[in-house]
Each structure stands twice: as structure tokens, then as C-alpha cells.
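Data block for run16.csv (CSV, C-alpha atoms):
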```csv
chain,number,residue,atom,x,y,z
F,1,MET,CA,0.0,0.0,0.0
F,2,THR,CA,1.4,3.4,-1.0
F,3,LEU,CA,1.0,6.7,0.7
F,4,GLU,CA,-1.2,7.7,-2.2
F,5,ASP,CA,-3.5,4.6,-1.8
F,6,GLU,CA,-3.9,5.5,1.9
F,7,LEU,CA,-4.7,9.2,1.2
F,8,VAL,CA,-7.2,8.4,-1.6
F,9,PHE,CA,-8.9,5.8,0.7
F,10,TYR,CA,-9.5,8.4,3.5
F,11,ILE,CA,-10.5,11.2,1.1
F,12,LYS,CA,-13.1,8.9,-0.6
F,13,ALA,CA,-14.3,7.6,2.7
F,14,LYS,CA,-14.9,11.2,3.9
F,15,GLN,CA,-16.7,12.1,0.6
F,16,THR,CA,-18.9,9.1,1.0
F,17,ALA,CA,-19.7,9.9,4.6
F,18,ALA,CA,-20.6,13.5,3.6
F,19,LEU,CA,-22.9,12.3,0.8
F,20,SER,CA,-24.7,10.0,3.3
F,21,GLY,CA,-25.0,12.8,5.9
F,22,LYS,CA,-22.8,10.8,8.2
F,23,LEU,CA,-19.9,13.1,8.8
F,24,ASP,CA,-20.4,13.2,12.5
F,25,GLY,CA,-17.7,11.1,14.1
F,26,PHE,CA,-15.5,10.9,11.1
F,27,LYS,CA,-12.8,13.1,12.7
F,28,ASP,CA,-12.8,11.0,15.8
F,29,ARG,CA,-12.6,7.8,13.8
F,30,LEU,CA,-9.7,9.1,11.9
F,31,ASN,CA,-7.9,10.1,15.1
F,32,LEU,CA,-8.6,6.8,16.7
F,33,LEU,CA,-7.3,4.9,13.6
F,34,PHE,CA,-4.1,6.9,13.9
F,35,VAL,CA,-3.7,6.3,17.6
F,36,GLU,CA,-4.2,2.6,17.0
F,37,GLY,CA,-1.5,2.6,14.4
F,38,GLN,CA,-3.8,1.7,11.5
F,39,LEU,CA,-3.2,5.1,9.8
F,40,SER,CA,0.4,6.0,9.0
F,41,GLU,CA,1.9,9.2,10.5
F,42,LYS,CA,2.7,10.6,7.1
F,43,ALA,CA,-0.8,10.1,5.8
F,44,TYR,CA,-2.3,11.4,9.0
F,45,LYS,CA,-0.3,14.7,8.8
F,46,ILE,CA,-1.4,15.3,5.3
F,47,LEU,CA,-5.0,14.4,6.0
F,48,LYS,CA,-5.4,16.7,8.9
F,49,GLU,CA,-4.0,19.5,6.8
F,50,ILE,CA,-6.5,18.7,4.0
F,51,PHE,CA,-9.4,18.2,6.3
F,52,GLY,CA,-8.5,21.0,8.7
F,53,TYR,CA,-8.4,18.8,11.7
F,54,GLU,CA,-6.3,19.4,14.8
F,55,GLU,CA,-3.6,16.9,15.7
F,56,VAL,CA,-4.1,14.2,18.3
F,57,LYS,CA,-1.0,13.2,20.3
F,58,PRO,CA,-0.9,9.4,20.7
F,59,LYS,CA,0.2,8.1,24.0
F,60,LYS,CA,2.9,6.0,22.4
F,61,VAL,CA,4.8,5.9,19.2
F,62,VAL,CA,2.5,3.9,17.0
F,63,ASN,CA,3.8,4.1,13.6
F,64,ASN,CA,5.1,0.8,12.2
F,65,VAL,CA,4.2,-1.1,15.4
F,66,THR,CA,5.4,-4.6,15.1
F,67,ASP,CA,3.8,-6.1,18.1
F,68,GLY,CA,0.1,-5.8,17.4
F,69,CYS,CA,-2.7,-7.0,15.2
F,70,SER,CA,-5.8,-5.1,14.2
F,71,GLY,CA,-9.0,-5.7,16.0
F,72,SER,CA,-10.2,-5.4,19.5
F,73,ARG,CA,-8.3,-2.2,20.1
F,74,MET,CA,-5.2,-4.3,20.8
F,75,THR,CA,-2.7,-2.3,18.9
F,76,TYR,CA,-0.1,-2.6,21.6
F,77,ARG,CA,-0.8,-6.1,22.5
F,78,PRO,CA,0.2,-9.3,20.6
F,79,ARG,CA,-3.0,-11.1,19.6
F,80,CYS,CA,-1.2,-14.5,19.5
Z,1,MET,CA,12.3,-19.0,25.4
Z,2,LYS,CA,11.3,-21.4,28.1
Z,3,LEU,CA,9.7,-20.4,31.4
Z,4,LYS,CA,9.1,-22.7,34.4
Z,5,LEU,CA,5.4,-22.5,35.2
Z,6,PHE,CA,4.0,-24.9,37.9
Z,7,ASN,CA,7.2,-26.9,37.8
Z,8,GLN,CA,7.1,-27.6,34.1
Z,9,TYR,CA,8.9,-25.8,31.3
Z,10,VAL,CA,6.6,-24.0,28.8
Z,11,GLU,CA,7.7,-22.5,25.5
Z,12,LEU,CA,6.9,-18.8,25.0
Z,13,ASN,CA,7.2,-16.6,22.0
Z,14,ASP,CA,10.7,-15.2,21.5
Z,15,TYR,CA,9.6,-13.0,18.6
Z,16,TYR,CA,6.4,-11.2,17.7
Z,17,CYS,CA,4.8,-11.9,14.3
Z,18,HIS,CA,6.6,-10.9,11.1
Z,19,PHE,CA,5.2,-7.6,10.1
Z,20,ASN,CA,4.8,-6.6,6.5
Z,21,ASP,CA,7.5,-9.1,5.5
Z,22,THR,CA,10.0,-7.8,8.0
Z,23,ALA,CA,11.3,-10.0,10.8
Z,24,GLY,CA,9.3,-9.8,14.0
Z,25,ARG,CA,10.7,-7.8,16.9
Z,26,LYS,CA,12.2,-9.7,19.8
Z,27,VAL,CA,9.9,-10.1,22.8
Z,28,GLU,CA,11.4,-8.1,25.6
Z,29,GLU,CA,9.0,-9.1,28.4
Z,30,PRO,CA,7.8,-12.7,28.3
Z,31,TYR,CA,4.0,-13.0,28.1
Z,32,ILE,CA,1.2,-15.5,27.9
Z,33,ASN,CA,-2.3,-15.5,26.6
Z,34,LEU,CA,-4.7,-17.5,28.7
Z,35,TYR,CA,-7.9,-19.1,27.3
Z,36,VAL,CA,-10.4,-20.1,29.9
Z,37,ARG,CA,-13.0,-22.7,28.9
Z,38,LEU,CA,-15.8,-22.1,31.3
Z,39,THR,CA,-18.0,-24.9,30.1
Z,40,ASP,CA,-18.4,-27.7,27.5
Z,41,ALA,CA,-22.0,-26.8,27.0
Z,42,CYS,CA,-23.3,-24.6,24.2
Z,43,ASN,CA,-26.7,-23.5,23.1
Z,44,ALA,CA,-25.5,-23.7,19.5
Z,45,LYS,CA,-24.5,-26.8,17.5
Z,46,CYS,CA,-22.0,-25.4,15.0
Z,47,LYS,CA,-20.7,-28.2,12.7
Z,48,PHE,CA,-17.2,-26.7,12.7
Z,49,CYS,CA,-16.8,-26.6,16.5
Z,50,GLU,CA,-15.5,-29.3,18.8
Z,51,PHE,CA,-16.9,-27.7,21.9
Z,52,ASN,CA,-20.6,-28.2,22.0
Z,53,GLY,CA,-21.1,-31.1,24.4
Z,54,ASP,CA,-22.8,-31.3,27.7
Z,55,ASP,CA,-21.8,-29.5,30.9
Z,56,VAL,CA,-20.4,-32.6,32.6
Z,57,THR,CA,-17.5,-31.4,34.7
Z,58,GLY,CA,-17.8,-28.6,37.2
Z,59,PHE,CA,-15.7,-25.5,36.6
Z,60,ASP,CA,-13.1,-25.0,39.4
Z,61,LYS,CA,-13.0,-21.3,39.9
Z,62,TYR,CA,-10.8,-21.2,42.9
Z,63,LYS,CA,-8.2,-23.1,41.0
Z,64,LEU,CA,-8.4,-20.6,38.2
Z,65,TYR,CA,-7.9,-17.7,40.7
Z,66,TYR,CA,-4.9,-19.5,42.2
Z,67,ILE,CA,-3.5,-19.9,38.7
Z,68,LEU,CA,-4.1,-16.4,37.7
Z,69,TYR,CA,-2.6,-15.0,40.9
Z,70,THR,CA,0.5,-17.3,40.6
Z,71,LEU,CA,1.0,-16.6,36.9
Z,72,SER,CA,0.7,-12.9,37.5
Z,73,LYS,CA,3.8,-13.0,39.8
Z,74,GLN,CA,5.8,-15.0,37.2
Z,75,VAL,CA,5.0,-13.6,33.7
Z,76,ARG,CA,3.0,-10.9,32.0
Z,77,ILE,CA,-0.6,-12.1,31.4
Z,78,ASN,CA,-1.3,-10.3,28.2
Z,79,LYS,CA,-4.8,-11.5,27.6
Z,80,VAL,CA,-7.4,-13.7,29.2
Z,81,SER,CA,-10.2,-14.9,26.8
Z,82,PHE,CA,-13.3,-16.6,28.2
Z,83,THR,CA,-14.6,-19.2,25.9
Z,84,GLY,CA,-16.5,-22.5,26.0
Z,85,GLY,CA,-18.9,-23.9,24.8
Z,86,GLU,CA,-20.9,-20.7,25.3
Z,87,PRO,CA,-19.5,-18.8,28.3
Z,88,THR,CA,-22.7,-16.8,28.8
Z,89,LEU,CA,-24.5,-20.0,29.7
Z,90,LYS,CA,-22.5,-19.7,33.0
Z,91,LEU,CA,-23.3,-16.0,33.4
Z,92,ASN,CA,-22.7,-15.5,37.1
Z,93,LEU,CA,-19.5,-17.5,36.9
Z,94,LEU,CA,-18.4,-15.5,33.9
Z,95,ASN,CA,-19.0,-12.2,35.6
Z,96,GLU,CA,-17.3,-13.3,38.7
Z,97,CYS,CA,-14.2,-14.6,36.8
Z,98,LEU,CA,-14.0,-11.3,34.8
Z,99,LYS,CA,-14.1,-9.2,38.0
Z,100,THR,CA,-11.5,-11.4,39.7
Z,101,THR,CA,-9.2,-11.3,36.7
Z,102,LYS,CA,-9.3,-7.5,36.7
Z,103,GLU,CA,-8.8,-7.4,40.5
Z,104,ILE,CA,-5.7,-9.6,40.2
Z,105,ASP,CA,-4.2,-7.4,37.4
Z,106,PRO,CA,-6.2,-4.5,35.8
Z,107,ASN,CA,-3.8,-4.5,32.9
Z,108,ILE,CA,-4.9,-7.9,31.7
Z,109,PHE,CA,-6.9,-7.5,28.4
Z,110,THR,CA,-10.1,-9.5,28.9
Z,111,VAL,CA,-12.1,-11.0,26.0
Z,112,VAL,CA,-15.4,-12.9,26.0
Z,113,ASN,CA,-16.0,-15.2,23.0
Z,114,THR,CA,-19.7,-15.5,22.6
Z,115,ASN,CA,-22.5,-16.2,20.1
Z,116,GLY,CA,-24.4,-13.5,21.9
Z,117,TYR,CA,-26.8,-15.8,23.8
Z,118,ARG,CA,-27.0,-13.6,27.0
Z,119,LEU,CA,-24.8,-10.8,25.8
Z,120,ASP,CA,-26.8,-8.0,27.5
Z,121,LYS,CA,-26.2,-9.6,31.0
Z,122,VAL,CA,-22.4,-9.6,30.8
Z,123,LYS,CA,-20.7,-7.1,33.1
Z,124,PHE,CA,-19.0,-4.9,30.6
Z,125,ASP,CA,-17.0,-2.9,33.1
Z,126,TYR,CA,-14.7,-5.8,33.4
Z,127,VAL,CA,-14.5,-6.6,29.6
Z,128,ASP,CA,-12.2,-5.1,27.1
Z,129,SER,CA,-13.4,-6.9,24.1
Z,130,ILE,CA,-16.5,-8.9,23.1
Z,131,ALA,CA,-15.7,-11.3,20.3
Z,132,LEU,CA,-19.2,-12.0,18.9
Z,133,SER,CA,-19.7,-14.8,16.4
Z,134,LEU,CA,-21.9,-14.0,13.4
Z,135,HIS,CA,-21.1,-15.9,10.2
Z,136,SER,CA,-23.5,-14.2,7.7
Z,137,ILE,CA,-25.6,-11.1,7.3
Z,138,LYS,CA,-28.7,-13.3,6.7
Z,139,PHE,CA,-30.8,-14.6,9.6
Z,140,GLU,CA,-31.5,-17.9,7.8
Z,141,ASP,CA,-27.8,-18.5,7.2
Z,142,ASN,CA,-26.9,-17.9,10.8
Z,143,TYR,CA,-29.8,-20.1,11.9
Z,144,GLU,CA,-28.4,-22.9,9.7
Z,145,ILE,CA,-24.9,-22.5,11.0
Z,146,PHE,CA,-25.6,-22.1,14.7
Z,147,GLY,CA,-28.4,-24.6,14.7
Z,148,THR,CA,-30.4,-22.3,16.8
Z,149,GLU,CA,-32.0,-18.8,16.6
Z,150,GLN,CA,-30.3,-17.8,19.8
Z,151,PHE,CA,-27.7,-15.6,18.3
Z,152,ALA,CA,-27.3,-11.8,18.2
Z,153,PRO,CA,-30.0,-10.2,15.9
Z,154,ASP,CA,-29.2,-7.0,14.0
Z,155,TYR,CA,-31.2,-4.8,16.3
Z,156,SER,CA,-29.2,-5.9,19.4
Z,157,ILE,CA,-26.0,-4.9,17.5
Z,158,GLU,CA,-27.4,-1.5,16.4
Z,159,CYS,CA,-28.5,-0.7,20.0
Z,160,PHE,CA,-25.4,-2.2,21.7
Z,161,LYS,CA,-24.1,0.3,24.2
Z,162,TYR,CA,-20.5,-0.8,24.1
Z,163,LYS,CA,-19.8,-0.8,20.4
Z,164,GLU,CA,-16.1,0.3,21.0
Z,165,LYS,CA,-15.6,-3.1,22.6
Z,166,LEU,CA,-17.4,-5.1,20.0
Z,167,HIS,CA,-15.6,-7.3,17.6
Z,168,LEU,CA,-17.4,-9.5,15.1
Z,169,SER,CA,-15.9,-12.9,14.3
Z,170,CYS,CA,-17.0,-14.4,11.0
Z,171,ASN,CA,-15.8,-17.9,9.9
Z,172,LEU,CA,-15.1,-18.2,6.2
Z,173,ILE,CA,-17.4,-21.1,5.2
Z,174,LYS,CA,-18.1,-22.4,1.6
Z,175,GLY,CA,-21.7,-21.5,0.8
Z,176,TYR,CA,-21.8,-18.6,3.2
Z,177,ILE,CA,-19.1,-15.9,3.4
Z,178,ASP,CA,-16.8,-17.4,0.8
Z,179,SER,CA,-15.9,-14.6,-1.6
Z,180,LYS,CA,-14.6,-11.0,-1.6
Z,181,GLU,CA,-18.1,-9.8,-2.6
Z,182,LYS,CA,-19.8,-11.5,0.3
Z,183,ALA,CA,-17.1,-10.4,2.7
Z,184,TYR,CA,-17.6,-6.8,1.6
Z,185,GLU,CA,-21.4,-7.2,2.0
Z,186,TYR,CA,-20.8,-8.4,5.5
Z,187,ILE,CA,-18.5,-5.4,6.3
Z,188,ASN,CA,-20.9,-3.0,4.7
Z,189,HIS,CA,-23.9,-4.5,6.6
Z,190,TYR,CA,-22.5,-4.6,10.1
Z,191,GLY,CA,-20.3,-1.4,9.5
Z,192,ASN,CA,-23.5,0.5,8.8
Z,193,LEU,CA,-24.9,-0.8,12.1
Z,194,GLY,CA,-21.9,0.8,13.8
Z,195,VAL,CA,-19.5,-2.1,14.1
Z,196,THR,CA,-15.9,-1.0,13.4
Z,197,ASP,CA,-13.9,-4.2,14.0
Z,198,ILE,CA,-14.4,-7.5,12.2
Z,199,GLY,CA,-12.3,-10.7,11.9
Z,200,PHE,CA,-12.6,-13.3,9.1
Z,201,VAL,CA,-11.2,-16.6,10.2
Z,202,SER,CA,-10.5,-19.6,8.0
Z,203,LEU,CA,-11.8,-22.9,9.6
Z,204,MET,CA,-9.2,-24.9,11.4
Z,205,ASP,CA,-8.8,-28.5,10.3
Z,206,VAL,CA,-10.7,-30.2,13.2
Z,207,ASN,CA,-13.2,-32.4,11.3
Z,208,GLN,CA,-14.5,-33.4,7.9
Z,209,TYR,CA,-17.0,-30.4,7.8
Z,210,CYS,CA,-14.1,-28.0,8.2
Z,211,LYS,CA,-12.1,-29.8,5.5
Z,212,ASP,CA,-15.0,-29.6,3.1
Z,213,LYS,CA,-16.0,-26.0,3.8
Z,214,MET,CA,-12.6,-24.4,4.4
Z,215,ILE,CA,-11.7,-21.2,2.6
Z,216,ASP,CA,-8.2,-19.9,2.6
Z,217,PHE,CA,-8.5,-16.2,2.6
Z,218,ASP,CA,-5.6,-15.8,0.2
Z,219,ASP,CA,-7.7,-17.5,-2.4
Z,220,ILE,CA,-10.6,-15.1,-2.2
Z,221,LYS,CA,-8.4,-11.9,-2.5
Z,222,LEU,CA,-10.0,-9.8,0.2
Z,223,ASP,CA,-7.7,-7.0,-0.7
Z,224,GLU,CA,-9.8,-6.6,-3.9
Z,225,MET,CA,-13.0,-5.9,-1.9
Z,226,PRO,CA,-14.5,-2.6,-3.0
Z,227,ASN,CA,-13.4,0.6,-1.0
Z,228,THR,CA,-10.6,-1.4,0.7
Z,229,ILE,CA,-6.9,-1.1,1.4
Z,230,LYS,CA,-4.8,-3.8,2.8
Z,231,ASN,CA,-2.7,-2.0,5.4
Z,232,MET,CA,-0.9,-4.7,7.3
Z,233,HIS,CA,0.3,-8.2,6.9
Z,234,TRP,CA,1.4,-10.5,9.7
Z,235,SER,CA,2.8,-14.0,9.7
Z,236,LYS,CA,4.4,-16.5,12.1
Z,237,ARG,CA,7.0,-18.9,10.7
Z,238,ASP,CA,8.9,-21.8,11.9
Z,239,LYS,CA,12.0,-22.3,9.7
Z,240,ASP,CA,10.4,-22.7,6.2
Z,241,ARG,CA,6.9,-23.3,7.4
Z,242,THR,CA,4.2,-20.7,7.8
Z,243,LEU,CA,2.3,-21.4,11.0
Z,244,CYS,CA,-0.2,-18.5,11.0
Z,245,LYS,CA,-0.9,-15.6,8.8
Z,246,CYS,CA,-3.1,-12.5,9.1
Z,247,ASP,CA,-4.0,-9.7,6.7
Z,248,ASN,CA,-5.4,-6.5,8.0
Z,249,PHE,CA,-7.7,-4.3,5.9
Z,250,LEU,CA,-9.6,-1.0,6.1
Z,251,THR,CA,-12.9,-0.7,4.3
Z,252,TYR,CA,-15.4,2.1,4.1
Z,253,THR,CA,-19.0,1.3,3.8
Z,254,ASP,CA,-21.5,2.9,1.5
Z,255,GLN,CA,-22.3,5.3,4.3
Z,256,GLY,CA,-18.6,6.2,4.8
Z,257,ASN,CA,-18.0,4.3,8.0
Z,258,ILE,CA,-14.5,3.0,8.2
Z,259,VAL,CA,-14.3,-0.6,9.4
Z,260,LYS,CA,-11.1,-2.4,10.2
Z,261,SER,CA,-10.9,-6.1,9.6
Z,262,TYR,CA,-8.5,-8.9,9.5
Z,263,ALA,CA,-8.4,-12.3,8.0
Z,264,ARG,CA,-6.6,-15.0,9.9
Z,265,TYR,CA,-5.6,-18.6,9.1
Z,266,TYR,CA,-4.0,-20.8,11.8
Z,267,ILE,CA,-2.3,-23.4,9.8
Z,268,ASP,CA,-1.1,-25.1,13.0
Z,269,ARG,CA,-2.6,-23.6,16.1
Z,270,GLU,CA,-0.8,-26.0,18.4
Z,271,GLN,CA,2.5,-24.5,17.3
Z,272,CYS,CA,1.4,-21.1,18.6
Z,273,LYS,CA,3.5,-20.6,21.7
Z,274,SER,CA,2.5,-18.5,24.7
Z,275,MET,CA,-1.0,-19.9,24.6
Z,276,ILE,CA,-2.1,-21.5,27.9
Z,277,VAL,CA,-5.6,-23.0,28.4
Z,278,TYR,CA,-7.5,-23.4,31.6
Z,279,ASP,CA,-9.8,-26.1,30.5
Z,280,ILE,CA,-12.6,-26.3,33.1
Z,281,ASP,CA,-10.4,-27.7,35.9
Z,282,ARG,CA,-7.0,-28.2,34.3
Z,283,LEU,CA,-4.3,-25.9,33.0
Z,284,LYS,CA,-2.8,-27.0,29.7
Z,285,VAL,CA,-0.3,-25.9,27.1
Z,286,GLY,CA,-2.5,-25.0,24.1
Z,287,PHE,CA,-5.9,-26.7,23.7
Z,288,ASN,CA,-4.5,-30.2,23.3
Z,289,GLY,CA,-1.1,-30.0,25.0
Z,290,LYS,CA,0.4,-31.3,28.2
Z,291,ILE,CA,-1.3,-30.6,31.6
Z,292,LEU,CA,0.6,-28.2,33.8
Z,293,ILE,CA,-1.6,-28.4,36.9
```
Using C-alpha cells, write down the structure that the file contains.
Amino acid sequence: MTLEDELVFYIKAKQTAALSGKLDGFKDRLNLLFVEGQLSEKAYKILKEIFGYEEVKPKKVVNNVTDGCSGSRMTYRPRC
Amino acid sequence: MKLKLFNQYVELNDYYCHFNDTAGRKVEEPYINLYVRLTDACNAKCKFCEFNGDDVTGFDKYKLYYILYTLSKQVRINKVSFTGGEPTLKLNLLNECLKTTKEIDPNIFTVVNTNGYRLDKVKFDYVDSIALSLHSIKFEDNYEIFGTEQFAPDYSIECFKYKEKLHLSCNLIKGYIDSKEKAYEYINHYGNLGVTDIGFVSLMDVNQYCKDKMIDFDDIKLDEMPNTIKNMHWSKRDKDRTLCKCDNFLTYTDQGNIVKSYARYYIDREQCKSMIVYDIDRLKVGFNGKILI
């Protein structure tokens, strides 16, 4: 997955949410995905500029975490 | 690495999973994941599951508490998953065990694996994640798979108060969710009900039904689902053999809700180290390994 893929994904997701009238919560979702390490730091910085969102400081360095899996909010925990 | 637990040596993970084809990082602090089987009994009769018998043996909760306390002094308990059978059949016991686990160590991540039978009665204050089994978006499919209508209906998911703790677990089964199109429909359906976390799991090779109905997620190319990016890949290897693999995806629904999902295939679950099982009244290495106490 390239940085471009990642950016296009979030921009299209936001457009879709806007068209459905479901933009409430999109910002929080984006921030949570960043904190969980699902969204790369590079993409996050660009997206918050594009969308005009303020930055959220994650409690830990999450980019390129190697000890977690997605799901169950277990970013910092090995699933297996 | 090996650690002596209850006078026997147990192998634990030395390295975390390989991440995006880079070698896994070394485990600094040894950890275990504990599965607690509260009961053999289940209200469902899933053909892919070994654990749907009768509730014959009594669960020894005091032994579990002793084990949890003792283990917590020796090794990091990363996660405790309560499973069965169906753990909510033993609701009071489940809630008491959850509470005691958090009292012993509040940092333990607690999971309840359930088909949703008495989901609303679980004490969520002591639960970090609910892994809720649903294997289709259609009532009739789930009815056929579970062999009962006692599973979580859509309205209970939509109204569920603790959605941030909710994780849906969907087995990939031929004839049900068996293609990227159906997997996307599943994500879209439950994502629009507010679910943000879904796992697709290939059936483990435990019986003929699983052999006949098994779908390897690599074959159905989930990364080609609409509105999806594959953002992570994990694997566990032993020399030249892959033991387990996971792909992680992000998908947005037709309402713009972003759902994270993973697809996992345990090729040999017994080779997964760091997994300890408290099976009703005995502590074992893995689900079928040696008895520790």
C-alpha cells in the first residue's frame, strides 16, 4: 500500500460519509485509527491538513508497530 | 524462550509476528495469553466446532484464581479470553471470573468469545473486548450455521451500548461468506450498524466439515474488496513453514463508516506458543497440550 493509496482511501471515505450525511464522528474515527496505528503518521499529517483537523497526540509511538494486530483495540498487544 | 510454570517448562514466543514481511521484533518481556474454557455446553451446535457437548465437569473457579494469581507473579498475562462452549450459559460464573481477573491485574486484556446468547447480561465494566460470532448477514444462514436462533440479531447490535468493545468474528465457510463480494457485503452491513472491528477466520482442520467447507482467505483476495486497502500483513513462521498468517484491511461502507478487519488462518494452532488454556479444571499448554496443573 502506497501513501497515495492511503490518502485516496480516506478522502473517498470522507466524501462518501458526507454524501450520506454521516460526517459526525468521522474526525474521531480518523484520530482513533491513527492512535491505533492503522493510519500512518505521514498520511495522518497530510489528511489533517487537507481536512483542517487538529492533531491528536498518541500516548505511544504507534507508527510501524510490530507487536500488534488489528482488532479489539489491541494495537499494543500481541494477539497471539 | 522457556519459562518454568508450575514446575514444568513452557515455551513462550521469542519474537512477535513478522510484520509486512520484516522480521518480528524480539519479545522483551515474556507474556502468555490464557484461554479459559468455562463450560463444554453450548446453546448452538455449529458443525465446525468441537466444543458443544454437555456440561459434565464442574468448573473449578478457585483453582483458576490461584493460577491467575500465581502466573501474574511470574509472567505478564497479556490477555485472558473466556470461551466455551458458550460462556454466557454460565453468566454468574463468567461475571465473577471477569471481575476477579481485573482485580488480580487490571492491565490484563479481557475478552469474551460468545455467540451473543446472553450478551446483555455480561458485566462490561470488566470486559475489554466482546468477540461476537456471526457468520453471515442473513438470519437464515446464521440459523443454519448455529443450529439455533439464539444468536445476536441486528437490532441488538445496532443498539449495543459498548460498540467500541465489539468485535465480530466471522468464519469463512463455503456457501456462506466465501468470496470477496460477500465479505464486503458483511462489512458493509455490520459497518452501517456501527461495528468498526471484524475478523474473518479460516476454519481450522478439526473435522470433515471443516475440511469440506474451508476457505483460505488468500484464495478469495480480500484486498480486492470494494473501498478497501490492505494496510498490514502479519505472519508467524517456523523455519520454512508458515504457522499462521493475518492480513489487515480497512474498508469504508456505502455510508462512509471506516471498518477495520483482519483475515486469519491458523495453519497449525498447536504451534502457537505463549498460549495456555485453563480447561474447566486443568491448566494445559494449548488446547491439546500437556497438563501443567
Which residues are near Cys170 in chain Z? Cut-off 6 Å, all atoms listed in the file, ignore same chain within fewer than 5 positions. Put them as a list in words. Leu134, His135 and Phe200 of chain Z
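Atom pair CA of Ile104 in chain Z / CA of Leu64 in chain Z has a distance of 11.5 Å (rounded to one decimal).
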Please identify every residue of chain Z that has at least one atom no more than 6 Å from any atom of chain F, counting all atoms listed in the file, and report them as JSON, numbers by chain. {"Z": [16, 19, 129, 197, 252, 255, 256]}
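Closest approach to Tyr143 in chain Z among Z:Tyr176, Z:Phe51, Z:Trp234, Z:Tyr155: Z:Tyr176, based on all atoms listed in the file.
The coordinates place CA of Gly199 in chain Z at 4.8 Å from CA of Tyr262 in chain Z.
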Which neighbours of Lys45 in chain Z fall inside 9 Å, counting all atoms listed in the file, when residues of the same chain fewer than 3 positions from it are skipped, and could you give them as number ranges by chain? Z: 42, 48-49, 51-53, 145-148
File of the preceding selection, C-alpha atoms, as a PDB file, in the coordinates of the input:
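File result.pdb, as written:
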```pdb
ATOM      1  CA  CYS Z  42     -23.300 -24.600  24.200  1.00  0.00           C
ATOM      2  CA  PHE Z  48     -17.200 -26.700  12.700  1.00  0.00           C
ATOM      3  CA  CYS Z  49     -16.800 -26.600  16.500  1.00  0.00           C
ATOM      4  CA  PHE Z  51     -16.900 -27.700  21.900  1.00  0.00           C
ATOM      5  CA  ASN Z  52     -20.600 -28.200  22.000  1.00  0.00           C
ATOM      6  CA  GLY Z  53     -21.100 -31.100  24.400  1.00  0.00           C
ATOM      7  CA  ILE Z 145     -24.900 -22.500  11.000  1.00  0.00           C
ATOM      8  CA  PHE Z 146     -25.600 -22.100  14.700  1.00  0.00           C
ATOM      9  CA  GLY Z 147     -28.400 -24.600  14.700  1.00  0.00           C
ATOM     10  CA  THR Z 148     -30.400 -22.300  16.800  1.00  0.00           C
TER      11      THR Z 148
END
```
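The neighbours of Glu29 in chain Z here are the residues that come within 8 Å of it, using only C-alpha atoms and leaving out any residue fewer than 2 positions away in the same chain; they are Val27, Tyr31 and Arg76 of chain Z.
Each of Z:Asn288, Z:Ser202, Z:Thr196, Z:Thr88 was compared to Leu32 in chain F using all atoms listed in the file, and Z:Thr196 turns out to be the nearest.
Each of Z:Tyr184, Z:Phe59, Z:Tyr278, Z:Tyr162 was checked against Asp128 in chain Z using all atoms listed in the file; the smallest atom-to-atom distance is that of Z:Tyr162.
The spacing separating CA of Leu119 in chain Z from CA of Leu168 in chain Z amounts to 13.1 Å.
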Contacts of Asp55 in chain Z within 7 Å, all atoms listed in the file, excl. fewer than 3 positions in-chain, as a VMD selection string: chain Z and resid 39 to 41
Please list as a list in words every residue within 10 Å of Ile215 in chain Z, counting all atoms listed in the file and excluding residues in the same chain fewer than 2 positions away. Asn171, Leu172, Ile173, Lys174, Ile177, Asp178, Ser179, Val201, Ser202, Leu203, Met204, Cys210, Lys211, Asp212, Lys213, Phe217, Asp218, Asp219, Ile220 and Tyr265 of chain Z
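With distances restricted to all atoms listed in the file, Z:Cys244 is the closest residue to Arg264 in chain Z from Z:Cys244, Z:Cys17, Z:Val277, Z:Ile67.
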